Amino acid sequence: MSMAADTTRVERPPAPPKPWTRTRIIGWLLVAFWALAGLGFVIYLYNAWNIDLVQKYGPRYWSGLKTTIVLVGLSLLAGALLSVPVALARLSRNPVVNGIAYAYVYFFRGTPLLAQAFLVYYGIGQFSAELKAIGLWGFFRDAWNCAFFAFTLNTAAYQAEILRGAIQSVPKGQWEGADALGIRRWYTFLRIILPQALIVALRPYGNEIILMIKGSAIVAIITVYDLMGETRRAYSRTFDFQTYLWAAVIYLLIVETLRNIWDLIEKRLTRHLKR
Amino acid sequence: MDKVAILLSWGDQGWADEIASGVVVTVALALATLPFGMLLGFFIALAKQSREPSLRLAANIYTTIFRGLPELLTLFLVYFGVQIGLTQALKAIGFSEGIEVNSFAAGMFALGVVFSSYASEVFLSAFRGIPQGQYEGGFAVGLSSGQTMRLVVLPQLIRIALPGLANLWLVLLKDTALVSVVGLSDILRQTGIAARVSKEAFLFYGIACLLYLVLAMISSIGISAIERRAARGNAR
Amino acid sequence: MSFSTRFKLGLATAAIALAMGAAHAEDRMKLKIGTEGAYPPFNNLEADGTLTGFDVDIAKALCDEMKADCEFVTQDWDGIIPALQAGKFDAIIASMSITDERKEKVDFTNKYYNTPPAIVAPKDTDIKGVTKEDLAGKVIGVQGSTTHSNYAEATYTDSDVKLYPTADEYKLDLVNGRLDAVNDDIIVLKEFLATPEGACCKVVGTIKPDPKIHGEGAGIAVRKGETELAEKFNKAIDAIRANGKYKEINDKYFDFDAYGG
């Protein structure tokens with residue numbers, strides 16, 4: 001394709017006029033559609049602006065948003081801790097250890113989060129007498145704890161797979177090189193393998209955070225009123241469709257902000273890999 | 001144990017028949033969504049790799065929205081929003097006839113747009129995996145650009161995209177559970193009703209999870225069969 | 001997407017029906033009735049997939065009276081009014097209390113029953129009454145988007161009020177021991193107490209209905225402006241009250257007149 005290398009200075013010809021090809025027309029039509037949709041959206045929200053509604057439900061949305069962020073944040077952290085042993089078990093050559101970890105990961109990745117939440121909340125609730133006997137009922141009695149528990153188990157399964165894939169992506173030579181230098185294996189893992197693996201895992205981790213934020217929208221069904229739950233509550237009181245639109249705006253803002261922050265982090269951490 | 005056997009029996013006493021109908025709804029919804037979502041995703045991928053910036057912009061707006069919204073919210077927006085919008089639009093142009101978006105159609109549409117925005121990414125990276133020479137070769141033997149796409153690029157594209165699409169299919173199967181919230185009688189709704197009425201929550205929600213696992217396993221078997229078939233031409 | 005257009009009662013058709021007079025009365029009206037199916041003994045979905053309950057029987061009697069062919073549609077409670085507005089059905093017969101808040105969105109018929117709310121708690125409870133003070137610090141379960149949830153959230157501000165999508169779910173949690181008390185219609189709660197699971201619990205007391213919150217009893221909701229249909233329902237309610245059909249259904253479920261004073 002390239003033919004520029006040997007030519008001496010040649011004047012660049014003027015850009016040919018862009019013809020209105022079919023794709024271009026379709027493209028502009030679609031852009032116009034989005035522009036109109038966006039405009040309609042803004043006009044609708046402007047006209048529907050109702051200070052009573054905002055005063056009444058604004059604080060509720062705020063508390064719902066806090067619930068979402070705290071719940072997802074803590075679940076992700078706890079899941080990250082739990083995912084390390086699971087990932088190591090998945091990498092283990094012991095068939096029993098590996099099998100158990102595989103079953104765990106398969107179960108939580110193969111079933112809907114909603115079903116898992118129900119199973120934990122109502123299913124475990126059925127055994128309240130037994131749980132009381134072993135002193136765990138105090139934890140499972142609370143809906144928030146149940147949601148936290150279900151979310152943690154769920155995200156740990158996904159994070160374990162991310163971590164496992166990332167660790168396996170580090171070339172074997174890194175292990176061998178460290179071995180040759182006489183570095184102990186756990187030290188090799190911690191200081192040589194893991195940092196390289198985490199860079200590979202960065203993008204999937206970012207996706208997992210976003211998936212959890214979106215997935216957490218189901219939690220109101222087990223009586224934890226997060227952003228989505230407050231939205232549904234506001235809608236069922238007012239039947240005003242803007243309640244859902246505001247939720248959409250908030251979720252989009254969170255996800256886009258996170259995505260951009262994550263891009264920045266990734267750029268910064270992979271500086272040394274740029275050529 | 002007798003009690004469990006009755007609860008899981010077929011017929012008026014037990015819940016097996018209701019749950020079986022739930023499985024049918026879940027599978028039907030996922031199967032109906034798949035072609036719709038794939039086709040839409042393919043066109044969005046085409047738009048995203050187009051040289052026309054306006055087309056790329058439009059496609060990017062689409063995927064940003066539907067990948068950023070929680071699936072449950074998308075479902076509500078479609079279920080209530082499209083309904084209200086359509087009814088009002090029809091009223092505005094003088095139709096008094098009601099129009100009804102049923103929950104199956106709403107679920108299919110909502111899951112389809114979500115599926116398509118993820119599928120477009122899969123297709124896009126598959127497009128990038130096809131060397132420019134394939135297009136040039138197609139043109140060189142006198143195929144039109146449509147024919148080149150259909151006969152040369154598409155068969156390879158599907159093979160490259162298969163693992164990604166298979167993954168999205170498994171996600172789709174799980175996402176269908178959300179339609180239970182808008183009243184479609186899928187696996188989770190039927191087991192949920194059984195759990196509440198019989199007060200055997202662990203049993204029935206456990207069954208729901210197992211059914212989803214079984215569907216995932218059957219899918220995996222099907223997917224690897226398709227992958228083997230698709231890889232035939234690649235055998236060395 | 002598959003859309004199905006559907007016959008809808010409109011002013012135009014009503015006008016035609018009037019113009020054609022009695023001859024047209026033979027043409028049976030088609031109605032879709034929305035209900036919840038998770039609120040025994042008023043409306044409940046059985047294991048064999050059929051709907052039963054007081055609401056359902058009343059609805060059938062009203063349809064007979066109005067010479068209408070009725071079809072039932074089940075819909076989750078928190079989406080039941082939007083679904084009515086969206087045209088998924090033409091009327092809600094699901095023990096919906098007639099409240100001012102709801103009247104802004106839908107039109108109601110006259111009430112077809114009116115019973116007081118109550119508080120139920122485990123048998124070993126230390127809750128003595130139904131006031132705010134009695135329930136302070138307790139966890140109370142109610143179904144969301146109901147008059148009971150509005151009342152509980154407004155009244156029991158020192159308690160932890162938890163909202164459930166259906167009545168069945170708070171019952172599950174009451175049995176499991178997550179809840180100290182629940183608040184709902186006395187009839188619904190008594191029905192629950194009569195089941196084996198309900199043996200755990202007892203009625204602590206009934207709540208004096210607050211007309212501002214609890215409204216004036218349960219009515220049938222129709223889309224705003226469809227007064228014609230609401231009137232037809234009203235006439236039918238009066239008719240079954242008069243001809244003994246209502247009493248027949250009432251006695252099947254209750255040992256007192258649910259219509260109230």
# chains A, B, ... in the order shown; residues from 1 in each chain; ligands from 1
>>> residues_around(residues="Phe66 of chain B", least_positions_apart="3", cutoff="8 Å", atoms="only C-alpha atoms", output="list of chain:residue names")
B:Tyr62, B:Thr63, B:Leu69, B:Thr74, B:Val113, B:Val114, B:Ser117
>>> write_last_selection(atoms="N, CA, C and O atoms", output="PDB file, in the first residue's frame")
ATOM      1  N   TYR B  62     -24.737   4.537  20.095  1.00  0.00           N
ATOM      2  CA  TYR B  62     -25.604   3.389  20.379  1.00  0.00           C
ATOM      3  C   TYR B  62     -24.972   2.449  21.399  1.00  0.00           C
ATOM      4  O   TYR B  62     -25.572   2.099  22.414  1.00  0.00           O
ATOM      5  N   THR B  63     -23.724   2.047  21.138  1.00  0.00           N
ATOM      6  CA  THR B  63     -23.126   1.067  22.042  1.00  0.00           C
ATOM      7  C   THR B  63     -22.822   1.682  23.403  1.00  0.00           C
ATOM      8  O   THR B  63     -22.926   1.007  24.419  1.00  0.00           O
ATOM      9  N   LEU B  69     -26.106   1.167  30.327  1.00  0.00           N
ATOM     10  CA  LEU B  69     -27.305   1.046  31.147  1.00  0.00           C
ATOM     11  C   LEU B  69     -27.414  -0.352  31.735  1.00  0.00           C
ATOM     12  O   LEU B  69     -27.090  -1.321  31.058  1.00  0.00           O
ATOM     13  N   THR B  74     -32.795  -1.021  31.003  1.00  0.00           N
ATOM     14  CA  THR B  74     -33.125  -1.046  29.582  1.00  0.00           C
ATOM     15  C   THR B  74     -34.469  -1.736  29.382  1.00  0.00           C
ATOM     16  O   THR B  74     -35.323  -1.271  28.619  1.00  0.00           O
ATOM     17  N   VAL B 113     -31.063  -5.408  21.918  1.00  0.00           N
ATOM     18  CA  VAL B 113     -30.198  -4.233  21.749  1.00  0.00           C
ATOM     19  C   VAL B 113     -28.954  -4.353  22.633  1.00  0.00           C
ATOM     20  O   VAL B 113     -27.857  -3.963  22.216  1.00  0.00           O
ATOM     21  N   VAL B 114     -29.128  -4.920  23.830  1.00  0.00           N
ATOM     22  CA  VAL B 114     -27.959  -5.106  24.684  1.00  0.00           C
ATOM     23  C   VAL B 114     -26.994  -6.095  24.030  1.00  0.00           C
ATOM     24  O   VAL B 114     -25.789  -5.847  23.921  1.00  0.00           O
ATOM     25  N   SER B 117     -25.097  -4.598  21.089  1.00  0.00           N
ATOM     26  CA  SER B 117     -24.007  -3.656  21.329  1.00  0.00           C
ATOM     27  C   SER B 117     -22.740  -4.384  21.775  1.00  0.00           C
ATOM     28  O   SER B 117     -21.636  -3.939  21.464  1.00  0.00           O
TER      29      SER B 117
END
>>> residues_around(residues="segment 168-179 of chain C", least_positions_apart="3", cutoff="10 Å", atoms="only C-alpha atoms", output="ChimeraX atom specification")
/A:121-129,137-138,140-143,221-223 /B:192-193,195-201 /C:38-40,120-122,138-143,160-165,182-183,189,192-193,197-201
>>> residues_around(residues="Ser97 of chain C", least_positions_apart="4", cutoff="8 Å", atoms="only C-alpha atoms", output="compact mmCIF listing (two decimals) with C-alpha atoms, in the first residue's frame")
# COMPACT_ATOMS: atom_id res chain seq x y z
CA THR C 147 -51.73 1.75 50.94
CA HIS C 214 -56.18 3.93 53.08
CA GLY C 215 -58.89 5.52 50.97
CA GLU C 216 -62.46 4.37 50.83
CA GLY C 217 -62.12 0.66 50.15
CA ALA C 218 -61.10 -1.41 47.17
CA GLY C 219 -62.38 -0.41 43.77
>>> residues_around(residues="Ser83 of chain A", least_positions_apart="3", cutoff="9 Å", atoms="only C-alpha atoms", output="PyMOL selection string")
chain A and resi 78-80+86-88+153+155-161+163
>>> interface_residues(of="chain B", to="chain A", cutoff="6 Å", atoms="only C-alpha atoms", output="ChimeraX atom specification")
/B:54-55,58,68-70,174,201-202,205,209,212-213
>>> write_last_selection(atoms="N, CA and C atoms", output="tab-separated table (two decimals), in the first residue's frame")
chain	number	residue	atom	x	y	z
B	54	SER	N	-19.51	9.96	10.36
B	54	SER	CA	-20.85	10.11	10.95
B	54	SER	C	-21.44	8.76	11.32
B	55	LEU	N	-21.17	7.77	10.49
B	55	LEU	CA	-21.67	6.43	10.75
B	55	LEU	C	-21.02	5.85	12.01
B	58	ALA	N	-22.53	7.55	15.07
B	58	ALA	CA	-23.88	7.05	15.41
B	58	ALA	C	-23.78	5.68	16.09
B	68	GLY	N	-23.87	0.89	28.74
B	68	GLY	CA	-23.74	1.61	30.00
B	68	GLY	C	-24.95	1.44	30.91
B	69	LEU	N	-26.11	1.17	30.33
B	69	LEU	CA	-27.30	1.05	31.15
B	69	LEU	C	-27.41	-0.35	31.73
B	70	PRO	N	-27.88	-0.47	32.97
B	70	PRO	CA	-28.17	-1.80	33.50
B	70	PRO	C	-29.22	-2.48	32.62
B	174	LYS	N	-28.51	-16.04	30.72
B	174	LYS	CA	-28.67	-15.59	32.10
B	174	LYS	C	-29.49	-14.30	32.16
B	201	ALA	N	-38.29	-22.25	49.49
B	201	ALA	CA	-37.51	-21.34	48.67
B	201	ALA	C	-36.20	-21.97	48.21
B	202	PHE	N	-35.53	-22.65	49.12
B	202	PHE	CA	-34.21	-23.20	48.78
B	202	PHE	C	-34.34	-24.22	47.66
B	205	TYR	N	-35.50	-22.29	44.24
B	205	TYR	CA	-34.47	-21.43	43.65
B	205	TYR	C	-33.24	-22.25	43.29
B	209	CYS	N	-31.47	-22.46	39.57
B	209	CYS	CA	-30.04	-22.37	39.27
B	209	CYS	C	-29.58	-23.60	38.47
B	212	TYR	N	-30.60	-23.39	34.85
B	212	TYR	CA	-29.74	-22.49	34.06
B	212	TYR	C	-28.40	-23.17	33.77
B	213	LEU	N	-27.89	-23.91	34.76
B	213	LEU	CA	-26.62	-24.62	34.53
B	213	LEU	C	-26.77	-25.65	33.42
>>> residues_around(residues="Asn234 of chain C", least_positions_apart="3", cutoff="9 Å", atoms="only C-alpha atoms", output="list of chain:residue names")
C:Thr109, C:Asn110, C:Lys111, C:Tyr112, C:Leu229, C:Ala230, C:Glu231, C:Ile237, C:Asp238, C:Ala239
>>> write_last_selection(atoms="N, CA and C atoms", output="short mmCIF file (atom, residue, chain, number, x, y, z; two decimals), in the first residue's frame")
data_model
loop_
_atom_site.label_atom_id
_atom_site.label_comp_id
_atom_site.auth_asym_id
_atom_site.auth_seq_id
_atom_site.Cartn_x
_atom_site.Cartn_y
_atom_site.Cartn_z
N THR C 109 -64.03 2.83 40.08
CA THR C 109 -65.46 2.59 40.31
C THR C 109 -65.71 2.83 41.79
N ASN C 110 -66.97 2.61 42.21
CA ASN C 110 -67.23 2.60 43.64
C ASN C 110 -66.53 1.39 44.25
N LYS C 111 -66.44 1.38 45.56
CA LYS C 111 -65.76 0.25 46.22
C LYS C 111 -66.54 -1.04 46.00
N TYR C 112 -65.85 -2.16 46.00
CA TYR C 112 -66.56 -3.44 46.01
C TYR C 112 -66.27 -4.23 47.27
N LEU C 229 -67.05 2.92 31.03
CA LEU C 229 -66.73 1.57 31.54
C LEU C 229 -66.90 1.54 33.06
N ALA C 230 -66.42 2.60 33.73
CA ALA C 230 -66.53 2.65 35.18
C ALA C 230 -68.00 2.60 35.60
N GLU C 231 -68.84 3.33 34.86
CA GLU C 231 -70.28 3.33 35.17
C GLU C 231 -70.87 1.93 35.01
N ILE C 237 -71.86 -3.78 39.95
CA ILE C 237 -71.63 -3.99 41.39
C ILE C 237 -72.96 -3.89 42.14
N ASP C 238 -73.73 -2.83 41.82
CA ASP C 238 -75.03 -2.67 42.47
C ASP C 238 -75.91 -3.88 42.19
N ALA C 239 -75.86 -4.35 40.96
CA ALA C 239 -76.72 -5.47 40.57
C ALA C 239 -76.38 -6.73 41.35
#
>>> select_by_dssp(residues="segment 58-201 of chain C", states="strand (DSSP E or B)", output="PyMOL selection string")
chain C and resi 68-74+91-97+106-113+117-122+139-143+160-164+181-185+201
>>> write_last_selection(atoms="N, CA and C atoms", output="compact mmCIF listing (two decimals), in the first residue's frame")
# COMPACT_ATOMS: atom_id res chain seq x y z
N ALA C 68 -70.08 -9.44 29.36
CA ALA C 68 -68.78 -9.23 28.73
C ALA C 68 -67.97 -10.52 28.77
N ASP C 69 -67.16 -10.71 27.75
CA ASP C 69 -66.21 -11.82 27.77
C ASP C 69 -64.92 -11.32 28.39
N CYS C 70 -64.58 -11.90 29.53
CA CYS C 70 -63.42 -11.38 30.24
C CYS C 70 -62.25 -12.35 30.18
N GLU C 71 -61.09 -11.75 30.08
CA GLU C 71 -59.88 -12.55 30.06
C GLU C 71 -58.97 -11.97 31.15
N PHE C 72 -58.36 -12.84 31.95
CA PHE C 72 -57.52 -12.33 33.03
C PHE C 72 -56.06 -12.25 32.60
N VAL C 73 -55.41 -11.20 33.06
CA VAL C 73 -53.99 -11.03 32.79
C VAL C 73 -53.32 -10.82 34.15
N THR C 74 -52.28 -11.59 34.44
CA THR C 74 -51.60 -11.34 35.71
C THR C 74 -50.43 -10.38 35.49
N ALA C 91 -59.12 -3.05 32.85
CA ALA C 91 -59.54 -2.75 34.21
C ALA C 91 -58.67 -3.55 35.17
N ILE C 92 -58.46 -2.97 36.37
CA ILE C 92 -57.72 -3.69 37.40
C ILE C 92 -58.71 -4.12 38.46
N ILE C 93 -58.82 -5.43 38.67
CA ILE C 93 -59.63 -5.92 39.79
C ILE C 93 -58.67 -6.72 40.65
N ALA C 94 -58.04 -6.03 41.59
CA ALA C 94 -56.95 -6.66 42.34
C ALA C 94 -56.86 -6.07 43.74
N SER C 95 -58.00 -5.85 44.37
CA SER C 95 -58.01 -5.30 45.73
C SER C 95 -57.27 -3.97 45.79
N MET C 96 -57.46 -3.13 44.78
CA MET C 96 -56.77 -1.85 44.79
C MET C 96 -57.59 -0.83 45.55
N SER C 97 -56.96 -0.25 46.59
CA SER C 97 -57.66 0.75 47.39
C SER C 97 -57.82 2.04 46.59
N VAL C 106 -55.61 7.13 37.52
CA VAL C 106 -56.65 6.26 36.97
C VAL C 106 -58.00 6.68 37.52
N ASP C 107 -59.07 6.20 36.90
CA ASP C 107 -60.41 6.40 37.44
C ASP C 107 -60.83 5.14 38.18
N PHE C 108 -61.62 5.36 39.22
CA PHE C 108 -62.07 4.21 40.01
C PHE C 108 -63.59 4.07 39.93
N THR C 109 -64.03 2.83 40.08
CA THR C 109 -65.46 2.59 40.31
C THR C 109 -65.71 2.83 41.79
N ASN C 110 -66.97 2.61 42.21
CA ASN C 110 -67.23 2.60 43.64
C ASN C 110 -66.53 1.39 44.25
N LYS C 111 -66.44 1.38 45.56
CA LYS C 111 -65.76 0.25 46.22
C LYS C 111 -66.54 -1.04 46.00
N TYR C 112 -65.85 -2.16 46.00
CA TYR C 112 -66.56 -3.44 46.01
C TYR C 112 -66.27 -4.23 47.27
N TYR C 113 -65.32 -3.75 48.08
CA TYR C 113 -65.24 -4.25 49.45
C TYR C 113 -64.39 -3.27 50.27
N PRO C 117 -57.02 -2.66 57.87
CA PRO C 117 -55.67 -3.22 57.93
C PRO C 117 -55.34 -3.72 59.34
N ALA C 118 -54.30 -4.55 59.44
CA ALA C 118 -53.93 -5.09 60.75
C ALA C 118 -52.43 -5.33 60.81
N ILE C 119 -51.97 -5.61 62.04
CA ILE C 119 -50.56 -5.96 62.26
C ILE C 119 -50.50 -7.39 62.75
N VAL C 120 -49.62 -8.17 62.14
CA VAL C 120 -49.42 -9.55 62.57
C VAL C 120 -47.96 -9.71 62.98
N ALA C 121 -47.73 -10.49 64.05
CA ALA C 121 -46.37 -10.70 64.53
C ALA C 121 -46.24 -12.14 65.02
N PRO C 122 -45.00 -12.62 65.22
CA PRO C 122 -44.82 -13.96 65.77
C PRO C 122 -45.52 -14.08 67.12
N VAL C 139 -38.57 -4.41 62.89
CA VAL C 139 -38.51 -4.54 61.43
C VAL C 139 -39.90 -4.95 60.94
N ILE C 140 -40.49 -4.09 60.10
CA ILE C 140 -41.86 -4.33 59.65
C ILE C 140 -41.84 -4.60 58.15
N GLY C 141 -42.49 -5.67 57.73
CA GLY C 141 -42.58 -5.99 56.31
C GLY C 141 -43.93 -5.60 55.74
N VAL C 142 -43.90 -4.96 54.56
CA VAL C 142 -45.14 -4.64 53.85
C VAL C 142 -44.90 -4.84 52.36
N GLN C 143 -45.99 -4.99 51.64
CA GLN C 143 -45.85 -5.02 50.19
C GLN C 143 -45.69 -3.61 49.67
N ASP C 160 -37.93 -0.04 61.08
CA ASP C 160 -37.31 -0.32 59.79
C ASP C 160 -38.38 -0.96 58.91
N VAL C 161 -38.92 -0.17 57.98
CA VAL C 161 -39.99 -0.68 57.12
C VAL C 161 -39.36 -1.27 55.86
N LYS C 162 -39.63 -2.55 55.62
CA LYS C 162 -39.06 -3.20 54.44
C LYS C 162 -40.15 -3.48 53.42
N LEU C 163 -39.85 -3.14 52.16
CA LEU C 163 -40.85 -3.26 51.11
C LEU C 163 -40.60 -4.50 50.26
N TYR C 164 -41.64 -5.29 50.07
CA TYR C 164 -41.52 -6.51 49.28
C TYR C 164 -42.36 -6.41 48.01
N ALA C 181 -42.74 -7.89 62.45
CA ALA C 181 -44.17 -7.70 62.25
C ALA C 181 -44.44 -7.44 60.78
N VAL C 182 -45.69 -7.69 60.37
CA VAL C 182 -46.09 -7.30 59.02
C VAL C 182 -47.40 -6.54 59.08
N ASN C 183 -47.65 -5.74 58.06
CA ASN C 183 -48.83 -4.90 58.01
C ASN C 183 -49.52 -5.13 56.67
N ASP C 184 -50.81 -5.54 56.76
CA ASP C 184 -51.57 -5.73 55.52
C ASP C 184 -53.06 -5.76 55.88
N ASP C 185 -53.87 -6.05 54.90
CA ASP C 185 -55.30 -6.17 55.11
C ASP C 185 -55.58 -7.34 56.06
N CYS C 201 -47.68 -17.26 63.96
CA CYS C 201 -47.94 -15.84 64.22
C CYS C 201 -49.37 -15.57 64.63
>>> atom_distance(atom1="atom CA of Phe254 of chain C", atom2="atom CA of Thr206 of chain C")
16.9 Å
>>> interface_residues(of="chain B", to="chain C", cutoff="8 Å", atoms="only C-alpha atoms", output="list in words")
Gly11, Asp12, Gln13, Gly14, Trp15, Glu18, Phe80, Gln83, Ile84, Thr87, Ser96, Glu97, Gly98, Ile99, Glu100, Val101, Asn102, Ala105, Ala106, Met108, Phe109, Val181, Val182, Gly183, Ala194, Arg196, Val197 and Lys199 of chain B
>>> write_last_selection(atoms="C-alpha atoms", output="PDB file, in the first residue's frame")
ATOM      1  CA  GLY B  11     -49.948 -31.741  37.100  1.00  0.00           C
ATOM      2  CA  ASP B  12     -52.217 -29.828  39.419  1.00  0.00           C
ATOM      3  CA  GLN B  13     -50.475 -30.766  42.665  1.00  0.00           C
ATOM      4  CA  GLY B  14     -46.925 -30.137  41.657  1.00  0.00           C
ATOM      5  CA  TRP B  15     -44.946 -27.457  39.939  1.00  0.00           C
ATOM      6  CA  GLU B  18     -45.244 -24.835  35.363  1.00  0.00           C
ATOM      7  CA  PHE B  80     -42.961   1.049  29.834  1.00  0.00           C
ATOM      8  CA  GLN B  83     -45.496   1.409  25.228  1.00  0.00           C
ATOM      9  CA  ILE B  84     -46.276   4.919  26.455  1.00  0.00           C
ATOM     10  CA  THR B  87     -49.657   4.857  22.467  1.00  0.00           C
ATOM     11  CA  SER B  96     -57.735   5.447  19.069  1.00  0.00           C
ATOM     12  CA  GLU B  97     -56.811   1.799  18.724  1.00  0.00           C
ATOM     13  CA  GLY B  98     -54.565   0.622  21.490  1.00  0.00           C
ATOM     14  CA  ILE B  99     -51.298  -0.971  20.665  1.00  0.00           C
ATOM     15  CA  GLU B 100     -49.769  -3.523  22.918  1.00  0.00           C
ATOM     16  CA  VAL B 101     -46.129  -4.372  23.374  1.00  0.00           C
ATOM     17  CA  ASN B 102     -46.218  -7.714  25.107  1.00  0.00           C
ATOM     18  CA  ALA B 105     -41.523  -8.641  22.564  1.00  0.00           C
ATOM     19  CA  ALA B 106     -40.277  -6.064  25.060  1.00  0.00           C
ATOM     20  CA  MET B 108     -36.657  -9.665  23.115  1.00  0.00           C
ATOM     21  CA  PHE B 109     -36.117  -6.095  22.005  1.00  0.00           C
ATOM     22  CA  VAL B 181     -39.459  -8.910  36.671  1.00  0.00           C
ATOM     23  CA  VAL B 182     -41.736  -7.578  33.922  1.00  0.00           C
ATOM     24  CA  GLY B 183     -44.037 -10.528  34.264  1.00  0.00           C
ATOM     25  CA  ALA B 194     -43.542 -22.113  43.405  1.00  0.00           C
ATOM     26  CA  ARG B 196     -43.423 -18.453  47.574  1.00  0.00           C
ATOM     27  CA  VAL B 197     -46.540 -20.562  47.482  1.00  0.00           C
ATOM     28  CA  LYS B 199     -42.542 -21.859  51.136  1.00  0.00           C
TER      29      LYS B 199
END
>>> atom_distance(atom1="atom CA of Phe204 of chain B", atom2="atom CA of Ile187 of chain B")
10.2 Å
>>> closest_residue(among="C:Gly205, C:Gly144, C:Gly225, C:Gly260", to="chain A", atoms="only C-alpha atoms")
C:Gly144
>>> residues_around(residues="Thr176 of chain B", least_positions_apart="5", cutoff="9 Å", atoms="only C-alpha atoms", output="list in words")
Pro112 of chain A; Thr26, Val27, Leu29, Ala30, Gly107, Met108, Leu111, Val171 and Asp186 of chain B
>>> write_last_selection(atoms="N, CA, C and O atoms", output="PDB file, in the first residue's frame")
ATOM      1  N   PRO A 112     -27.909 -16.922  36.689  1.00  0.00           N
ATOM      2  CA  PRO A 112     -28.160 -15.480  36.774  1.00  0.00           C
ATOM      3  C   PRO A 112     -27.936 -14.963  38.195  1.00  0.00           C
ATOM      4  O   PRO A 112     -28.269 -15.653  39.162  1.00  0.00           O
TER       5      PRO A 112
ATOM      6  N   THR B  26     -37.984 -19.348  28.569  1.00  0.00           N
ATOM      7  CA  THR B  26     -36.604 -18.873  28.629  1.00  0.00           C
ATOM      8  C   THR B  26     -35.846 -19.204  27.340  1.00  0.00           C
ATOM      9  O   THR B  26     -35.217 -18.337  26.735  1.00  0.00           O
ATOM     10  N   VAL B  27     -35.954 -20.467  26.917  1.00  0.00           N
ATOM     11  CA  VAL B  27     -35.227 -20.887  25.720  1.00  0.00           C
ATOM     12  C   VAL B  27     -35.764 -20.157  24.493  1.00  0.00           C
ATOM     13  O   VAL B  27     -34.994 -19.663  23.651  1.00  0.00           O
ATOM     14  N   LEU B  29     -37.218 -17.276  24.328  1.00  0.00           N
ATOM     15  CA  LEU B  29     -36.826 -15.871  24.344  1.00  0.00           C
ATOM     16  C   LEU B  29     -35.377 -15.713  23.906  1.00  0.00           C
ATOM     17  O   LEU B  29     -35.042 -14.859  23.078  1.00  0.00           O
ATOM     18  N   ALA B  30     -34.506 -16.572  24.451  1.00  0.00           N
ATOM     19  CA  ALA B  30     -33.091 -16.472  24.090  1.00  0.00           C
ATOM     20  C   ALA B  30     -32.896 -16.765  22.608  1.00  0.00           C
ATOM     21  O   ALA B  30     -32.159 -16.052  21.913  1.00  0.00           O
ATOM     22  N   GLY B 107     -39.063  -7.906  26.067  1.00  0.00           N
ATOM     23  CA  GLY B 107     -37.872  -8.600  26.538  1.00  0.00           C
ATOM     24  C   GLY B 107     -36.923  -8.878  25.389  1.00  0.00           C
ATOM     25  O   GLY B 107     -35.712  -8.652  25.484  1.00  0.00           O
ATOM     26  N   MET B 108     -37.484  -9.342  24.275  1.00  0.00           N
ATOM     27  CA  MET B 108     -36.657  -9.665  23.115  1.00  0.00           C
ATOM     28  C   MET B 108     -35.958  -8.410  22.590  1.00  0.00           C
ATOM     29  O   MET B 108     -34.773  -8.432  22.276  1.00  0.00           O
ATOM     30  N   LEU B 111     -33.281  -7.180  25.337  1.00  0.00           N
ATOM     31  CA  LEU B 111     -32.122  -8.062  25.382  1.00  0.00           C
ATOM     32  C   LEU B 111     -31.380  -8.015  24.047  1.00  0.00           C
ATOM     33  O   LEU B 111     -30.156  -8.115  24.005  1.00  0.00           O
ATOM     34  N   VAL B 171     -24.216 -15.318  28.246  1.00  0.00           N
ATOM     35  CA  VAL B 171     -24.651 -14.135  28.996  1.00  0.00           C
ATOM     36  C   VAL B 171     -26.134 -13.878  28.744  1.00  0.00           C
ATOM     37  O   VAL B 171     -26.904 -13.599  29.665  1.00  0.00           O
ATOM     38  N   ASP B 186     -40.955 -16.972  32.850  1.00  0.00           N
ATOM     39  CA  ASP B 186     -39.764 -17.742  32.511  1.00  0.00           C
ATOM     40  C   ASP B 186     -39.393 -18.652  33.678  1.00  0.00           C
ATOM     41  O   ASP B 186     -40.151 -18.781  34.639  1.00  0.00           O
TER      42      ASP B 186
END
>>> residues_around(residues="Phe42 of chain B", least_positions_apart="6", cutoff="8 Å", atoms="only C-alpha atoms", output="PDB file with N, CA, C and O atoms, in the first residue's frame")
ATOM      1  N   SER B 116     -26.733  -6.834  20.905  1.00  0.00           N
ATOM      2  CA  SER B 116     -26.132  -6.304  19.684  1.00  0.00           C
ATOM      3  C   SER B 116     -24.980  -5.364  19.987  1.00  0.00           C
ATOM      4  O   SER B 116     -23.986  -5.333  19.258  1.00  0.00           O
ATOM      5  N   ALA B 119     -22.202  -7.622  20.802  1.00  0.00           N
ATOM      6  CA  ALA B 119     -21.835  -8.418  19.622  1.00  0.00           C
ATOM      7  C   ALA B 119     -21.079  -7.562  18.610  1.00  0.00           C
ATOM      8  O   ALA B 119     -20.187  -8.052  17.915  1.00  0.00           O
ATOM      9  N   SER B 120     -21.424  -6.264  18.541  1.00  0.00           N
ATOM     10  CA  SER B 120     -20.753  -5.405  17.569  1.00  0.00           C
ATOM     11  C   SER B 120     -19.256  -5.348  17.865  1.00  0.00           C
ATOM     12  O   SER B 120     -18.437  -5.306  16.951  1.00  0.00           O
ATOM     13  N   PHE B 123     -17.777  -8.621  16.574  1.00  0.00           N
ATOM     14  CA  PHE B 123     -17.671  -8.589  15.118  1.00  0.00           C
ATOM     15  C   PHE B 123     -16.555  -7.645  14.678  1.00  0.00           C
ATOM     16  O   PHE B 123     -15.812  -7.925  13.744  1.00  0.00           O
TER      17      PHE B 123
END
